[in-house]
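As stored in entry.cif (mmCIF, C-alpha atoms and all ligand atoms):
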data_run
loop_
_atom_site.label_atom_id
_atom_site.label_comp_id
_atom_site.auth_asym_id
_atom_site.auth_seq_id
_atom_site.Cartn_x
_atom_site.Cartn_y
_atom_site.Cartn_z
CA LYS Z 173 -26.01 6.41 3.27
CA ARG Z 174 -25.10 5.87 -0.38
CA THR Z 175 -21.52 5.98 -1.56
CA LYS Z 176 -21.25 7.83 -4.87
CA VAL Z 177 -19.03 6.74 -7.74
CA TRP Z 178 -17.46 9.37 -9.97
CA PRO Z 179 -15.89 7.82 -13.06
CA VAL Z 180 -12.98 9.90 -14.28
CA THR Z 181 -11.55 9.92 -17.76
CA LEU Z 182 -7.98 11.10 -18.12
CA PRO Z 183 -6.82 13.79 -18.24
CA ALA Z 184 -9.25 14.57 -15.44
CA ASP Z 185 -11.77 17.30 -16.21
CA VAL Z 186 -12.58 19.82 -13.45
CA ARG Z 187 -16.31 19.14 -13.81
CA GLN Z 188 -15.83 15.40 -13.21
CA LEU Z 189 -14.12 16.10 -9.89
CA GLN Z 190 -16.26 19.04 -8.73
CA GLU Z 191 -18.56 17.11 -6.41
CA ALA Z 192 -15.71 15.06 -4.94
CA ALA Z 193 -13.58 18.17 -4.34
CA ASP Z 194 -16.51 20.00 -2.71
CA LEU Z 195 -17.19 17.04 -0.46
CA LEU Z 196 -13.55 16.92 0.68
CA ARG Z 197 -13.56 20.64 1.39
CA SER Z 198 -16.62 20.26 3.60
CA GLY Z 199 -15.07 17.44 5.64
CA GLY Z 200 -16.31 14.42 3.66
CA LEU Z 201 -14.49 11.18 2.83
CA VAL Z 202 -13.60 10.45 -0.81
CA ALA Z 203 -11.58 7.48 -2.03
CA PHE Z 204 -9.29 8.28 -4.95
CA PRO Z 205 -6.96 6.39 -7.29
CA THR Z 206 -3.19 6.67 -7.04
CA GLU Z 207 -0.48 4.82 -8.93
CA THR Z 208 -0.01 2.49 -5.91
CA VAL Z 209 -3.42 1.68 -4.38
CA TYR Z 210 -6.67 3.61 -3.79
CA GLY Z 211 -6.44 6.10 -0.92
CA LEU Z 212 -9.23 7.16 1.44
CA GLY Z 213 -8.99 10.94 1.16
CA ALA Z 214 -9.94 13.49 3.81
CA ASP Z 215 -8.77 17.02 4.67
CA ALA Z 216 -5.69 16.39 6.82
CA ARG Z 217 -6.41 19.56 8.82
CA ASN Z 218 -9.95 18.54 9.77
CA THR Z 219 -9.93 16.40 12.92
CA GLU Z 220 -13.60 15.38 12.61
CA ALA Z 221 -12.99 14.18 9.03
CA ILE Z 222 -9.89 12.24 10.09
CA ARG Z 223 -11.76 10.68 13.01
CA GLN Z 224 -14.24 9.35 10.45
CA VAL Z 225 -11.39 7.92 8.34
CA PHE Z 226 -10.18 5.82 11.27
CA GLU Z 227 -13.77 4.80 12.03
CA ALA Z 228 -14.63 3.83 8.44
CA LYS Z 229 -11.48 1.71 8.12
CA GLY Z 230 -11.57 0.30 11.63
CA ARG Z 231 -7.97 1.45 11.88
CA PRO Z 232 -6.04 1.50 15.18
CA SER Z 233 -5.55 5.12 16.24
CA ASP Z 234 -1.80 4.70 16.85
CA ASN Z 235 -1.14 4.16 13.14
CA PRO Z 236 -0.46 7.53 11.44
CA LEU Z 237 -1.71 8.55 7.97
CA ILE Z 238 0.19 9.71 4.89
CA VAL Z 239 -0.59 13.22 3.63
CA HIS Z 240 -0.83 13.63 -0.16
CA ILE Z 241 0.19 16.82 -1.91
CA ALA Z 242 0.15 17.95 -5.54
CA ASP Z 243 2.88 20.61 -5.43
CA LYS Z 244 6.13 20.82 -3.51
CA SER Z 245 5.09 24.30 -2.35
CA GLN Z 246 2.40 22.68 -0.16
CA LEU Z 247 5.23 21.41 2.05
CA ASP Z 248 5.79 24.95 3.39
CA ALA Z 249 2.55 24.76 5.37
CA LEU Z 250 3.16 21.18 6.58
CA VAL Z 251 6.75 20.46 7.54
CA LEU Z 252 9.70 22.10 9.27
CA PRO Z 253 12.99 22.56 7.39
CA TYR Z 254 14.20 19.14 6.26
CA PRO Z 255 17.55 17.69 5.16
CA GLU Z 256 18.81 18.63 1.72
CA LEU Z 257 18.91 14.94 0.77
CA ALA Z 258 15.14 14.72 1.21
CA GLY Z 259 14.71 17.56 -1.28
CA ARG Z 260 16.97 15.81 -3.78
CA LEU Z 261 15.07 12.54 -3.46
CA MET Z 262 11.77 14.38 -3.92
CA ASP Z 263 13.10 15.88 -7.14
CA ALA Z 264 14.25 12.43 -8.28
CA PHE Z 265 11.15 10.40 -7.38
CA TRP Z 266 8.13 12.73 -7.11
CA PRO Z 267 5.48 12.41 -8.27
CA GLY Z 268 5.85 8.74 -7.37
CA PRO Z 269 5.52 5.95 -4.80
CA LEU Z 270 7.88 7.42 -2.20
CA THR Z 271 6.72 8.76 1.19
CA PHE Z 272 8.97 10.92 3.36
CA VAL Z 273 8.63 10.99 7.14
CA LEU Z 274 9.48 14.61 7.97
CA PRO Z 275 9.29 16.88 11.05
CA VAL Z 276 5.76 18.31 11.17
CA ILE Z 277 4.88 21.95 11.89
CA PRO Z 278 2.95 21.73 15.17
CA GLY Z 279 -0.75 22.21 14.46
CA ALA Z 280 -0.38 21.98 10.66
CA VAL Z 281 -2.45 18.79 10.47
CA SER Z 282 -4.86 17.10 12.83
CA PRO Z 283 -3.03 15.30 15.67
CA LEU Z 284 -4.96 12.18 14.61
CA VAL Z 285 -3.08 12.19 11.27
CA THR Z 286 0.31 11.92 12.98
CA ALA Z 287 -0.98 9.70 15.80
CA GLY Z 288 0.68 12.16 18.15
CA LEU Z 289 4.17 11.83 16.59
CA ASP Z 290 6.26 14.92 15.82
CA THR Z 291 6.64 13.74 12.22
CA VAL Z 292 4.29 13.42 9.27
CA GLY Z 293 4.46 11.14 6.22
CA VAL Z 294 4.12 13.09 2.95
CA ARG Z 295 3.97 12.01 -0.66
CA MET Z 296 3.09 13.32 -4.11
CA PRO Z 297 1.23 10.56 -5.98
CA ASP Z 298 1.91 9.94 -9.66
CA HIS Z 299 -1.69 9.83 -10.82
CA PRO Z 300 -3.37 12.65 -12.79
CA ALA Z 301 -6.77 12.20 -11.07
CA ALA Z 302 -5.19 12.25 -7.59
CA LEU Z 303 -3.18 15.37 -8.39
CA ALA Z 304 -6.22 17.10 -9.91
CA LEU Z 305 -8.38 16.22 -6.89
CA ILE Z 306 -5.80 17.55 -4.42
CA ARG Z 307 -5.49 20.81 -6.37
CA GLN Z 308 -9.22 21.24 -6.84
CA SER Z 309 -10.07 20.54 -3.19
CA GLY Z 310 -7.30 22.81 -1.96
CA CYS Z 311 -6.67 20.32 0.87
CA PRO Z 312 -3.59 18.41 1.87
CA LEU Z 313 -5.24 14.99 1.63
CA ALA Z 314 -4.74 12.41 4.34
CA GLY Z 315 -4.95 9.09 2.51
CA PRO Z 316 -4.56 5.69 4.05
CA SER Z 317 -5.28 2.79 1.73
CA ALA Z 318 -9.05 2.70 1.17
CA ASN Z 319 -9.63 -0.80 2.55
CA LYS Z 320 -11.05 -2.09 5.83
CA SER Z 321 -8.11 -2.45 8.19
CA GLY Z 322 -6.61 -5.93 7.82
CA ARG Z 323 -8.01 -6.51 4.32
CA PRO Z 324 -5.90 -6.47 1.14
CA SER Z 325 -5.41 -2.90 -0.13
CA PRO Z 326 -7.75 -1.84 -2.95
CA THR Z 327 -6.35 -1.54 -6.45
CA GLU Z 328 -9.72 -0.97 -8.17
CA ALA Z 329 -12.72 1.19 -7.27
CA GLY Z 330 -14.77 -2.02 -6.88
CA HIS Z 331 -12.46 -3.18 -4.08
CA VAL Z 332 -13.10 0.11 -2.25
CA LEU Z 333 -16.85 -0.43 -2.51
CA ASP Z 334 -16.53 -4.05 -1.36
CA ASP Z 335 -15.01 -2.78 1.90
CA LEU Z 336 -16.45 0.70 2.44
CA ASP Z 337 -19.75 1.05 0.55
CA GLY Z 338 -22.15 3.09 2.66
CA ARG Z 339 -19.36 4.22 5.00
CA ILE Z 340 -17.77 6.95 2.84
CA GLY Z 341 -19.08 9.78 0.69
CA GLY Z 342 -17.77 8.55 -2.63
CA VAL Z 343 -15.03 7.11 -4.76
CA VAL Z 344 -13.32 8.60 -7.79
CA ASP Z 345 -13.02 5.68 -10.20
CA GLY Z 346 -9.83 5.97 -12.24
CA GLY Z 347 -9.55 2.28 -13.12
CA ALA Z 348 -6.90 -0.14 -11.91
CA CYS Z 349 -3.76 1.10 -10.14
CA GLY Z 350 -0.51 0.57 -12.04
CA VAL Z 351 2.01 -0.25 -9.29
CA GLY Z 352 -0.32 -2.22 -7.06
CA LEU Z 353 1.79 -2.07 -3.88
CA GLU Z 354 1.91 0.88 -1.49
CA SER Z 355 4.60 3.54 -1.51
CA THR Z 356 8.04 3.09 0.01
CA VAL Z 357 8.18 4.96 3.33
CA ILE Z 358 11.57 6.47 4.19
CA GLN Z 359 13.15 8.66 6.81
CA ILE Z 360 16.40 10.58 6.37
CA THR Z 361 18.93 9.93 9.12
CA GLY Z 362 21.94 12.16 9.74
CA GLU Z 363 23.53 13.77 6.70
CA ASP Z 364 23.08 11.13 4.04
CA GLY Z 365 21.37 8.08 5.51
CA VAL Z 366 18.10 6.74 4.14
CA ARG Z 367 16.13 4.37 6.31
CA ILE Z 368 13.41 2.37 4.59
CA LEU Z 369 10.55 1.97 7.07
CA ARG Z 370 8.26 0.22 4.62
CA PRO Z 371 9.42 -1.29 1.31
CA GLY Z 372 7.22 -0.33 -1.62
CA GLY Z 373 7.01 0.90 -5.18
CA ILE Z 374 10.45 2.58 -5.19
CA THR Z 375 13.12 -0.09 -4.73
CA PRO Z 376 16.20 0.13 -2.48
CA GLU Z 377 18.31 -0.18 -5.64
CA GLN Z 378 16.62 2.92 -7.11
CA LEU Z 379 17.21 4.85 -3.88
CA GLU Z 380 20.83 3.73 -3.74
CA GLN Z 381 21.48 5.35 -7.10
CA ALA Z 382 20.52 8.70 -5.58
CA ALA Z 383 21.80 8.25 -2.00
CA PRO Z 384 24.72 6.22 -0.68
CA GLY Z 385 23.52 5.00 2.73
CA VAL Z 386 20.28 3.06 2.29
CA ARG Z 387 19.25 0.83 5.18
CA ILE Z 388 16.22 -1.40 5.29
CA ASP Z 389 14.51 -1.11 8.64
CA ALA Z 390 11.61 -3.43 7.91
CA PRO Z 391 11.39 -7.19 8.41
CA THR Z 392 12.98 -9.19 5.57
CA ALA Z 393 13.48 -12.92 5.21
CA ALA Z 394 17.23 -12.54 5.66
CA GLY Z 395 17.12 -10.68 8.94
CA GLU Z 396 14.05 -10.54 11.12
CA GLN Z 397 13.60 -7.16 12.69
CA THR Z 398 15.20 -6.62 16.06
CA GLU Z 399 14.16 -3.07 16.97
CA ALA Z 400 10.65 -1.85 17.59
CA PRO Z 401 9.01 -0.87 14.30
CA ARG Z 402 9.51 2.82 13.49
CA SER Z 403 6.66 2.84 11.04
CA PRO Z 404 3.78 1.92 13.34
CA GLY Z 405 1.79 0.33 10.52
CA MET Z 406 4.40 -2.37 10.00
CA LYS Z 407 3.48 -4.18 13.20
CA TYR Z 408 -0.07 -5.02 12.19
CA THR Z 409 -1.13 -8.12 10.27
CA HIS Z 410 -2.29 -6.60 7.04
CA TYR Z 411 -3.45 -7.48 3.60
CA ALA Z 412 -4.69 -10.83 4.80
CA PRO Z 413 -7.09 -13.02 2.82
CA HIS Z 414 -9.63 -15.05 4.81
CA GLY Z 415 -7.96 -18.34 3.88
CA GLU Z 416 -4.84 -19.57 5.64
CA MET Z 417 -1.82 -18.70 3.52
CA VAL Z 418 1.74 -20.06 3.33
CA ILE Z 419 4.66 -18.81 1.22
CA VAL Z 420 7.02 -21.43 -0.23
CA CYS Z 421 10.57 -20.33 -1.10
CA GLY Z 422 13.48 -22.18 -2.68
CA GLU Z 423 14.59 -23.88 -5.85
CA PRO Z 424 11.66 -23.70 -8.33
CA SER Z 425 11.11 -27.43 -8.89
CA ALA Z 426 11.28 -28.13 -5.14
CA VAL Z 427 8.81 -25.31 -4.51
CA ALA Z 428 6.40 -26.76 -7.08
CA ALA Z 429 6.75 -30.26 -5.61
CA CYS Z 430 6.10 -29.00 -2.09
CA ILE Z 431 3.01 -27.02 -3.06
CA ARG Z 432 1.62 -29.91 -5.13
CA LYS Z 433 2.02 -32.27 -2.21
CA GLU Z 434 0.59 -29.92 0.42
CA ALA Z 435 -2.35 -28.94 -1.77
CA GLY Z 436 -3.05 -32.59 -2.50
CA LEU Z 437 -3.13 -33.40 1.23
CA ALA Z 438 -5.41 -30.44 1.94
CA LYS Z 439 -7.75 -31.46 -0.85
CA ALA Z 440 -7.88 -34.99 0.57
CA ARG Z 441 -8.96 -33.44 3.89
CA GLY Z 442 -11.81 -31.77 2.04
CA GLU Z 443 -10.38 -28.25 2.09
CA THR Z 444 -10.62 -25.83 -0.83
CA THR Z 445 -7.18 -24.95 -2.17
CA GLY Z 446 -5.59 -22.04 -3.99
CA VAL Z 447 -2.15 -21.39 -5.48
CA LEU Z 448 -0.58 -18.06 -6.42
CA ALA Z 449 2.15 -18.96 -8.90
CA PHE Z 450 4.46 -17.30 -11.36
CA ALA Z 451 3.55 -17.82 -15.01
CA GLU Z 452 6.52 -20.16 -15.45
CA HIS Z 453 4.97 -22.78 -13.12
CA ALA Z 454 1.23 -22.07 -12.98
CA ALA Z 455 0.40 -25.02 -15.24
CA GLU Z 456 1.98 -27.45 -12.74
CA TYR Z 457 -0.74 -27.05 -10.11
CA GLU Z 458 -4.13 -28.70 -9.72
CA ALA Z 459 -5.66 -26.63 -6.92
CA ASP Z 460 -9.27 -25.39 -7.00
CA VAL Z 461 -8.06 -21.91 -7.93
CA VAL Z 462 -4.66 -21.34 -9.55
CA LEU Z 463 -3.78 -17.71 -10.23
CA SER Z 464 -0.81 -16.76 -12.35
CA CYS Z 465 0.84 -13.52 -11.30
CA GLY Z 466 2.95 -13.00 -14.41
CA SER Z 467 6.56 -13.83 -15.13
CA LYS Z 468 9.16 -14.13 -12.40
CA GLN Z 469 11.43 -12.14 -14.70
CA GLU Z 470 9.16 -9.11 -14.52
CA LEU Z 471 7.79 -8.61 -11.01
CA GLY Z 472 5.80 -5.50 -11.95
CA GLN Z 473 2.89 -7.64 -13.05
CA ALA Z 474 2.94 -9.71 -9.84
CA ALA Z 475 2.95 -6.51 -7.79
CA ALA Z 476 0.11 -4.96 -9.79
CA GLY Z 477 -2.10 -8.03 -9.38
CA LEU Z 478 -1.24 -9.23 -5.86
CA TYR Z 479 -4.08 -7.66 -3.88
CA ALA Z 480 -6.70 -8.47 -6.51
CA SER Z 481 -5.53 -12.10 -6.38
CA LEU Z 482 -5.89 -12.24 -2.58
CA ARG Z 483 -9.42 -10.84 -2.87
CA HIS Z 484 -10.17 -13.35 -5.60
CA PHE Z 485 -9.23 -16.27 -3.33
CA ASP Z 486 -11.68 -14.90 -0.76
CA GLU Z 487 -14.50 -14.60 -3.26
CA ALA Z 488 -13.92 -18.20 -4.27
CA GLY Z 489 -14.08 -19.23 -0.61
CA ILE Z 490 -10.57 -20.74 -0.64
CA GLN Z 491 -9.48 -22.11 2.75
CA ARG Z 492 -5.80 -22.90 2.11
CA ILE Z 493 -3.52 -20.80 -0.11
CA TRP Z 494 0.09 -21.38 -1.19
CA ALA Z 495 2.16 -18.65 -2.83
CA GLU Z 496 5.48 -19.06 -4.61
CA GLY Z 497 8.14 -16.81 -3.09
CA CYS Z 498 10.67 -14.75 -5.03
CA PRO Z 499 14.11 -13.25 -4.37
CA GLU Z 500 13.97 -10.09 -2.25
CA GLU Z 501 15.60 -7.88 -4.84
CA GLY Z 502 14.11 -4.91 -6.64
CA LEU Z 503 10.33 -4.95 -6.37
CA GLY Z 504 10.70 -8.47 -4.91
CA LEU Z 505 11.48 -6.92 -1.52
CA ALA Z 506 8.09 -5.18 -1.28
CA LEU Z 507 6.29 -8.12 -2.86
CA MET Z 508 7.69 -10.58 -0.31
CA ASN Z 509 7.01 -8.10 2.52
CA ARG Z 510 3.30 -8.00 1.59
CA LEU Z 511 3.12 -11.74 0.94
CA ARG Z 512 4.65 -12.45 4.34
CA LYS Z 513 2.09 -10.21 6.01
CA ALA Z 514 -0.74 -11.84 4.13
CA ALA Z 515 0.58 -15.19 5.29
CA GLY Z 516 0.93 -14.04 8.89
CA GLY Z 517 4.65 -14.82 8.64
CA GLN Z 518 4.23 -18.45 7.57
CA VAL Z 519 7.13 -19.22 5.22
CA ILE Z 520 8.35 -22.68 4.21
CA ARG Z 521 11.88 -23.08 2.80
CA VAL Z 522 12.56 -26.05 0.57
O1 LIG Z 601 0.98 4.10 -1.51
C1 LIG Z 601 0.60 4.49 -0.40
O2 LIG Z 601 1.38 4.91 0.45
C2 LIG Z 601 -0.92 4.49 -0.14
C3 LIG Z 601 -1.56 5.45 -1.13
C4 LIG Z 601 -3.03 5.64 -0.89
O3 LIG Z 601 -0.87 6.66 -1.14
N1 LIG Z 601 -1.21 4.86 1.22
C5 LIG Z 601 -0.93 4.04 2.26
O4 LIG Z 601 -1.32 4.52 3.49
O5 LIG Z 601 -0.42 2.96 2.13
P1 LIG Z 601 -1.44 3.61 4.79
O6 LIG Z 601 -2.07 4.49 5.81
O7 LIG Z 601 -2.15 2.36 4.46
O8 LIG Z 601 0.03 3.35 5.24
C6 LIG Z 601 0.81 4.39 5.78
C7 LIG Z 601 2.10 3.84 6.34
C8 LIG Z 601 1.87 3.08 7.62
O9 LIG Z 601 2.74 1.97 7.66
C9 LIG Z 601 2.24 4.13 8.67
O10 LIG Z 601 2.64 3.53 9.89
C10 LIG Z 601 3.37 4.86 7.98
O11 LIG Z 601 2.99 4.92 6.63
N2 LIG Z 601 3.52 6.23 8.50
C11 LIG Z 601 2.69 7.28 8.29
N3 LIG Z 601 3.11 8.37 8.96
C12 LIG Z 601 4.24 8.01 9.61
C13 LIG Z 601 5.14 8.68 10.49
N4 LIG Z 601 4.96 9.95 10.85
N5 LIG Z 601 6.21 7.98 10.97
C14 LIG Z 601 6.39 6.68 10.61
N6 LIG Z 601 5.57 6.00 9.79
C15 LIG Z 601 4.50 6.64 9.31
MG MG Z 602 -2.86 0.38 4.38
#

Show the structure stored in the file as structure tokens.
Amino acid sequence: KRTKVWPVTLPADVRQLQEAADLLRSGGLVAFPTETVYGLGADARNTEAIRQVFEAKGRPSDNPLIVHIADKSQLDALVLPYPELAGRLMDAFWPGPLTFVLPVIPGAVSPLVTAGLDTVGVRMPDHPAALALIRQSGCPLAGPSANKSGRPSPTEAGHVLDDLDGRIGGVVDGGACGVGLESTVIQITGEDGVRILRPGGITPEQLEQAAPGVRIDAPTAAGEQTEAPRSPGMKYTHYAPHGEMVIVCGEPSAVAACIRKEAGLAKARGETTGVLAFAEHAAEYEADVVLSCGSKQELGQAAAGLYASLRHFDEAGIQRIWAEGCPEEGLGLALMNRLRKAAGGQVIRV
């Protein structure tokens, strides 16, 4: 089965999305661009379509999907009354990379979408093609990242095809994603508490400006998680490149010295080596592949390019990868969260 590619120029034209929207309405699978990563879209109400999403991705069935909407009014058919704070945060951050876990109306979406939970994750993506596709299809769109489970998330249509060509109906090609990391997943607790289940494109600092009680309930370097993960997806090793990866944190010159030494030893053993470095230090490394992820002062570029870099190491057949760590502030929290997952938790402190 061929996977179609529909290039979309912005603002999206209804004719460009016609075939994709029709396919979604009839239960097909269509990958689509968002501001974070590409999503694998399917009608959230259609259990057979959602079953195929899990099958195409090879995704464990206990990991629920996010539902994408284009208008706040779509919430009426999806979720039960929710706290006022959720509404205020939607107004502040939607469309945008923020997902709310809200009480679901029983039967509103396929039970496969919620993995049997009594909540559903909902977000309004900040991408004109995604919004146009949702409107034109008339479906609330379930949309996990459009990668094979365990692979780095796709930030270009080509990444989607690398993983899912022949397994899905098509992909709407809207070019590279701007944010590059998935949305922040939150749940409102009590009157004014915000619990971050997965760090992402909206930072804790941004949320704090709108809500007083923000708590991070995802593993960070400072405090490893004690409770069972509330966002089921957080327990899986994700985003991993084929090569073995290690993150090195600490004072910049010590980090560079450590990576140079380790990479030198690996090279002497005959292994292919890769380094993911900030622009400030990239010139200091002599590995087989050195990728600069932009300035440490501006983590947006590192976030936008992270997954493409991990895929690049794979294409180059790199066996050992070292990545420079960064402070877990602002976007650095989500960046380090994804890096740690890619590295299977291997962090060296120098
Ligand atoms: O930016 C994003 O969020 C992208 C784009 C395509 O929108 N989507 C995405 O979906 O990252 P996915 O399926 O790869 O990740 C969804 C995350 C998982 O960690 C899942 O466990 C969590 O959201 N999640 C979904 N529904 C949930 C629920 N009802 N309760 C707790 N966590 C939930
Ligand atoms: Mg994913």

Between CA of Leu333 (chain Z) and CA of Leu303 (chain Z) - distance in Å to one decimal: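 CA of Leu303 (chain Z) sits 21.7 Å away from CA of Leu333 (chain Z).
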
Atom-to-atom span, CA of Val180 (chain Z) and CA of Ile340 (chain Z), Å: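 About the pair CA of Val180 (chain Z) and CA of Ile340 (chain Z): they are 18.0 Å apart.
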
Residue neighbourhood Leu274 (chain Z), 9 Å, only C-alpha atoms, exclusion window fewer than 6 positions, as a list of chain:residue names: Z:Val251, Z:Leu252, Z:Pro253, Z:Tyr254, Z:Ala258, Z:Asp290, Z:Thr291, Z:Val292, Z:Gly293, Z:Val294, Z:Gln359, Z:Ile360

Contacts of Asp364 (chain Z) at 10 Å (all atoms listed in the file; same-chain gap of 6+ positions) as a VMD selection string: chain Z and resid 255 to 258 383 to 386

Identify, on the basis of all atoms listed in the file, every residue whose closest approach to Ala203 (chain Z) does not exceed 8 Å; exclude the query and any residue fewer than 2 positions from it along the same chain; express the result as a short mmCIF file (atom, residue, chain, number, x, y, z; two decimals) with C-alpha atoms, keeping the file's coordinate frame.
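Wrote it out as part_9.cif, contents follow:
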data_model
loop_
_atom_site.label_atom_id
_atom_site.label_comp_id
_atom_site.auth_asym_id
_atom_site.auth_seq_id
_atom_site.Cartn_x
_atom_site.Cartn_y
_atom_site.Cartn_z
CA LEU Z 201 -14.49 11.18 2.83
CA PRO Z 205 -6.96 6.39 -7.29
CA TYR Z 210 -6.67 3.61 -3.79
CA GLY Z 211 -6.44 6.10 -0.92
CA LEU Z 212 -9.23 7.16 1.44
CA GLY Z 213 -8.99 10.94 1.16
CA ALA Z 318 -9.05 2.70 1.17
CA VAL Z 332 -13.10 0.11 -2.25
CA ILE Z 340 -17.77 6.95 2.84
CA GLY Z 342 -17.77 8.55 -2.63
CA VAL Z 343 -15.03 7.11 -4.76
CA VAL Z 344 -13.32 8.60 -7.79
#

CA of Thr361 (chain Z) to CA of Val285 (chain Z), straight-line distance in Å: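 Between these atoms lies a distance of 22.2 Å.
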
Completed region 194-200 of chain Z (all heavy atoms) as a short mmCIF file (atom, residue, chain, number, x, y, z; two decimals), in the frame of the given file:
data_model
loop_
_atom_site.label_atom_id
_atom_site.label_comp_id
_atom_site.auth_asym_id
_atom_site.auth_seq_id
_atom_site.Cartn_x
_atom_site.Cartn_y
_atom_site.Cartn_z
N ASP Z 194 -15.65 19.27 -3.65
CA ASP Z 194 -16.51 20.00 -2.71
C ASP Z 194 -16.72 19.20 -1.42
O ASP Z 194 -16.68 19.74 -0.31
CB ASP Z 194 -17.89 20.28 -3.34
CG ASP Z 194 -17.79 21.33 -4.45
OD1 ASP Z 194 -16.76 22.02 -4.52
OD2 ASP Z 194 -18.76 21.44 -5.24
N LEU Z 195 -16.96 17.91 -1.61
CA LEU Z 195 -17.19 17.04 -0.46
C LEU Z 195 -15.97 17.02 0.46
O LEU Z 195 -16.09 17.11 1.69
CB LEU Z 195 -17.51 15.62 -0.97
CG LEU Z 195 -18.09 14.64 0.04
CD1 LEU Z 195 -19.38 15.19 0.65
CD2 LEU Z 195 -18.37 13.31 -0.64
N LEU Z 196 -14.78 16.92 -0.13
CA LEU Z 196 -13.55 16.92 0.68
C LEU Z 196 -13.41 18.24 1.44
O LEU Z 196 -13.08 18.25 2.63
CB LEU Z 196 -12.32 16.71 -0.22
CG LEU Z 196 -12.14 15.28 -0.73
CD1 LEU Z 196 -11.09 15.23 -1.85
CD2 LEU Z 196 -11.73 14.35 0.42
N ARG Z 197 -13.70 19.33 0.76
CA ARG Z 197 -13.56 20.64 1.39
C ARG Z 197 -14.50 20.79 2.58
O ARG Z 197 -14.20 21.47 3.55
CB ARG Z 197 -13.82 21.75 0.36
CG ARG Z 197 -12.80 22.87 0.45
CD ARG Z 197 -12.96 23.90 -0.65
NE ARG Z 197 -12.70 23.39 -1.97
CZ ARG Z 197 -13.62 23.29 -2.95
NH1 ARG Z 197 -14.87 23.65 -2.73
NH2 ARG Z 197 -13.29 22.81 -4.13
N SER Z 198 -15.66 20.13 2.50
CA SER Z 198 -16.62 20.26 3.60
C SER Z 198 -16.48 19.13 4.62
O SER Z 198 -17.39 18.87 5.41
CB SER Z 198 -18.05 20.33 3.05
OG SER Z 198 -18.33 19.14 2.34
N GLY Z 199 -15.34 18.42 4.58
CA GLY Z 199 -15.07 17.44 5.64
C GLY Z 199 -15.53 16.02 5.31
O GLY Z 199 -15.55 15.16 6.18
N GLY Z 200 -15.87 15.76 4.05
CA GLY Z 200 -16.31 14.42 3.66
C GLY Z 200 -15.14 13.48 3.35
O GLY Z 200 -13.98 13.89 3.32
#
